[in-house]
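Novice: Can you read through this structure? Questions will come right after.
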Amino acid sequence: MKLGSALVALSTLTAGITYAAVVDRVLLMGVFRVSTTLGCPLGPSDLNQIGLGADSPDCRNFYANTTYESIDVLSWSQYCQLTLFNTLDCSEGGIVSGLGCWSPPGGIKGYKATCPWKVW
Ligand SMILES: *[C@@H]1O[C@H](CO)[C@@H](O)[C@H](O)[C@H]1NC(C)=O
């Protein structure tokens, strides 16, 4: 009886952890921080979390059209792509960002979060 309830408790705990990990991955396309300070490691920064359902071809800007100099991509879905632009209307070619901290030449005024390989 005691062993039985201990096992039930353990499997409930394991299920909870697995569920949390899945939710964590399923709900977010990715997380990145941006800083108006040039260089890495990132200076004072603002956090951006993009929901997995939020992919679109739209050009996105930051609050008050802030231009950021550096970005640290903390996580990003393998099915999706983060593209950074020097312009507010994403009119120039853009550059695809990988994970980690870097400073795209010309700064970041706009970005796109798309999922070219999505399976959902
Ligand atoms: C951001 O830039 C767009 C395009 O130039 C402009 O229409 C908009 O008013 C700007 N918003 C702010 C808060 O400056």
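By order of appearance in the structure tokens: chains A, B, ..., then residues from 1 within every chain, and ligands from 1 in the order shown.
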Considering only C-alpha atoms, return as a list in words whatever protein or nucleic-acid residues lie within 12 Å of Trp120 (chain A), sequence-local ones (same chain, fewer than 2 positions apart) excluded.
Specialist: Val26, Leu52, Gly53, Asp55, Tyr79, Cys80, Cys115, Pro116, Trp117 and Lys118 of chain A
Novice: Could you please take those selected residues and save C-alpha atoms as a PDB file, in the first residue's frame?
Specialist:
ATOM      1  CA  VAL A  26       4.723  23.889 -27.654  1.00  0.00           C
ATOM      2  CA  LEU A  52       4.093  29.502 -31.372  1.00  0.00           C
ATOM      3  CA  GLY A  53       0.795  30.423 -33.013  1.00  0.00           C
ATOM      4  CA  ASP A  55       3.949  33.246 -36.949  1.00  0.00           C
ATOM      5  CA  TYR A  79      10.369  24.901 -37.442  1.00  0.00           C
ATOM      6  CA  CYS A  80      10.578  28.660 -37.447  1.00  0.00           C
ATOM      7  CA  CYS A 115       7.533  29.146 -39.552  1.00  0.00           C
ATOM      8  CA  PRO A 116       8.462  27.884 -43.041  1.00  0.00           C
ATOM      9  CA  TRP A 117       8.770  24.303 -41.791  1.00  0.00           C
ATOM     10  CA  LYS A 118       5.789  24.101 -39.517  1.00  0.00           C
TER      11      LYS A 118
END
Novice: Can you tell me which residues sit at most 8 Å away from ligand 1, counting only C-alpha atoms and all ligand atoms, written as number ranges by chain?
Specialist: A: 61, 63-65, 88-89
Novice: Using only C-alpha atoms, which residue out of A:Pro105, A:Leu38, A:Gly94, A:Phe32 lies closest to Ser70 (chain A)?
Specialist: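 Smallest separation from Ser70 (chain A) among the options: A:Leu38.
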Novice: List the neighbours of Thr36 (chain A) out to 7 Å using only C-alpha atoms; skip same-chain residues closer than 5 positions along the sequence, and give me the result as a PDB file with N, CA, C and O atoms, in the first residue's frame.
Specialist:
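Wrote it out as out10.pdb, contents follow:
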ATOM      1  N   THR A  67      15.243  51.312 -32.048  1.00  0.00           N
ATOM      2  CA  THR A  67      16.274  50.608 -32.813  1.00  0.00           C
ATOM      3  C   THR A  67      17.201  49.906 -31.825  1.00  0.00           C
ATOM      4  O   THR A  67      17.776  50.547 -30.935  1.00  0.00           O
ATOM      5  N   TYR A  68      17.340  48.605 -31.960  1.00  0.00           N
ATOM      6  CA  TYR A  68      18.238  47.849 -31.083  1.00  0.00           C
ATOM      7  C   TYR A  68      19.536  47.521 -31.814  1.00  0.00           C
ATOM      8  O   TYR A  68      19.541  47.351 -33.039  1.00  0.00           O
ATOM      9  N   GLU A  69      20.609  47.448 -31.056  1.00  0.00           N
ATOM     10  CA  GLU A  69      21.923  47.207 -31.655  1.00  0.00           C
ATOM     11  C   GLU A  69      22.363  45.751 -31.545  1.00  0.00           C
ATOM     12  O   GLU A  69      23.145  45.273 -32.361  1.00  0.00           O
ATOM     13  N   SER A  70      21.889  45.064 -30.516  1.00  0.00           N
ATOM     14  CA  SER A  70      22.335  43.693 -30.290  1.00  0.00           C
ATOM     15  C   SER A  70      21.161  42.820 -29.885  1.00  0.00           C
ATOM     16  O   SER A  70      20.176  43.299 -29.330  1.00  0.00           O
TER      17      SER A  70
END
Novice: Would you work out the distance separating CA of Thr37 (chain A) from CA of Val96 (chain A), expressed in Å to one decimal?
Specialist: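 Between CA of Thr37 (chain A) and CA of Val96 (chain A) the gap is 20.4 Å.
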Novice: Enumerate, as an mmCIF file with C-alpha atoms, in the first residue's frame, the complete set of residues in region 32-65 of chain A that a backbone-based DSSP assignment places in strand (DSSP E).
Specialist:
data_model
loop_
_atom_site.group_PDB
_atom_site.id
_atom_site.type_symbol
_atom_site.label_atom_id
_atom_site.label_comp_id
_atom_site.auth_asym_id
_atom_site.auth_seq_id
_atom_site.Cartn_x
_atom_site.Cartn_y
_atom_site.Cartn_z
ATOM 1 C CA PHE A 32 15.030 36.665 -27.412
ATOM 2 C CA ARG A 33 16.463 39.702 -25.674
ATOM 3 C CA VAL A 34 17.417 42.929 -27.439
ATOM 4 C CA SER A 35 19.634 45.757 -26.254
ATOM 5 C CA SER A 45 17.925 44.427 -22.486
ATOM 6 C CA ASP A 46 14.258 43.930 -23.207
ATOM 7 C CA LEU A 47 12.676 40.474 -23.330
ATOM 8 C CA ASN A 48 10.532 39.307 -26.234
ATOM 9 C CA GLN A 49 8.592 36.048 -26.139
ATOM 10 C CA ILE A 50 6.869 34.957 -29.328
ATOM 11 C CA GLY A 51 4.000 32.481 -29.082
ATOM 12 C CA ARG A 60 7.107 43.735 -36.637
ATOM 13 C CA ASN A 61 8.617 46.711 -34.846
#
Novice: Run DSSP on the backbone and give me the residues of region 26-110 of chain A it puts in helix (DSSP H, G or I), as a list in words.
Specialist: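 Filtering region 26-110 of chain A to helix (DSSP H, G or I) leaves Val26, Leu27, Leu52, Gly53, Ala54, Tyr63, Ala64 and Asn65 of chain A.
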Novice: Within 9 Å of Cys90 (chain A), counting only C-alpha atoms, which residues qualify if same-chain residues fewer than 4 places away don't, as a tab-separated table (two decimals) with N, CA and C atoms, in the first residue's frame?
Specialist:
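The resulting around11.tsv:
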chain	number	residue	atom	x	y	z
A	58	ASP	N	4.24	39.22	-41.45
A	58	ASP	CA	4.22	40.65	-41.13
A	58	ASP	C	5.56	41.15	-40.61
A	59	CYS	N	5.85	42.40	-40.94
A	59	CYS	CA	7.00	43.08	-40.39
A	59	CYS	C	6.61	43.61	-39.01
A	60	ARG	N	7.40	43.28	-38.00
A	60	ARG	CA	7.11	43.74	-36.64
A	60	ARG	C	8.16	44.74	-36.18
A	84	LEU	N	15.89	39.45	-39.16
A	84	LEU	CA	16.09	40.80	-38.63
A	84	LEU	C	16.30	41.79	-39.76
A	85	PHE	N	15.78	43.01	-39.56
A	85	PHE	CA	15.85	44.04	-40.62
A	85	PHE	C	16.37	45.36	-40.06
A	86	ASN	N	17.01	46.14	-40.93
A	86	ASN	CA	17.54	47.46	-40.58
A	86	ASN	C	16.48	48.56	-40.67
A	94	GLY	N	17.07	41.69	-45.18
A	94	GLY	CA	16.93	40.99	-43.91
A	94	GLY	C	17.99	39.92	-43.74
A	109	LYS	N	15.60	47.27	-36.54
A	109	LYS	CA	14.40	48.12	-36.44
A	109	LYS	C	13.14	47.30	-36.63
A	110	GLY	N	13.27	46.20	-37.35
A	110	GLY	CA	12.11	45.36	-37.62
A	110	GLY	C	12.51	43.89	-37.59
A	111	TYR	N	11.53	43.02	-37.45
A	111	TYR	CA	11.82	41.59	-37.53
A	111	TYR	C	10.58	40.83	-37.99
A	112	LYS	N	10.82	39.63	-38.48
A	112	LYS	CA	9.72	38.75	-38.87
A	112	LYS	C	9.90	37.42	-38.15
Novice: CA of Thr66 (chain A) and CA of Leu99 (chain A), how far apart in Å?
Specialist: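 A separation of 21.6 Å between them.
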Novice: Give the answer as one residue: which of A:Leu42, A:Met29, A:Leu82, A:Ile71 has the shortest atom-to-atom distance to Ser103 (chain A), using only C-alpha atoms?
Specialist: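 Selected residue with least distance to Ser103 (chain A): A:Ile71.
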Novice: Nearest residue to Pro104 (chain A) out of A:Leu74, A:Cys40, A:Ala54, A:Val119, using only C-alpha atoms?
Specialist: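 Among A:Leu74, A:Cys40, A:Ala54, A:Val119, it is A:Cys40 that comes nearest to Pro104 (chain A).
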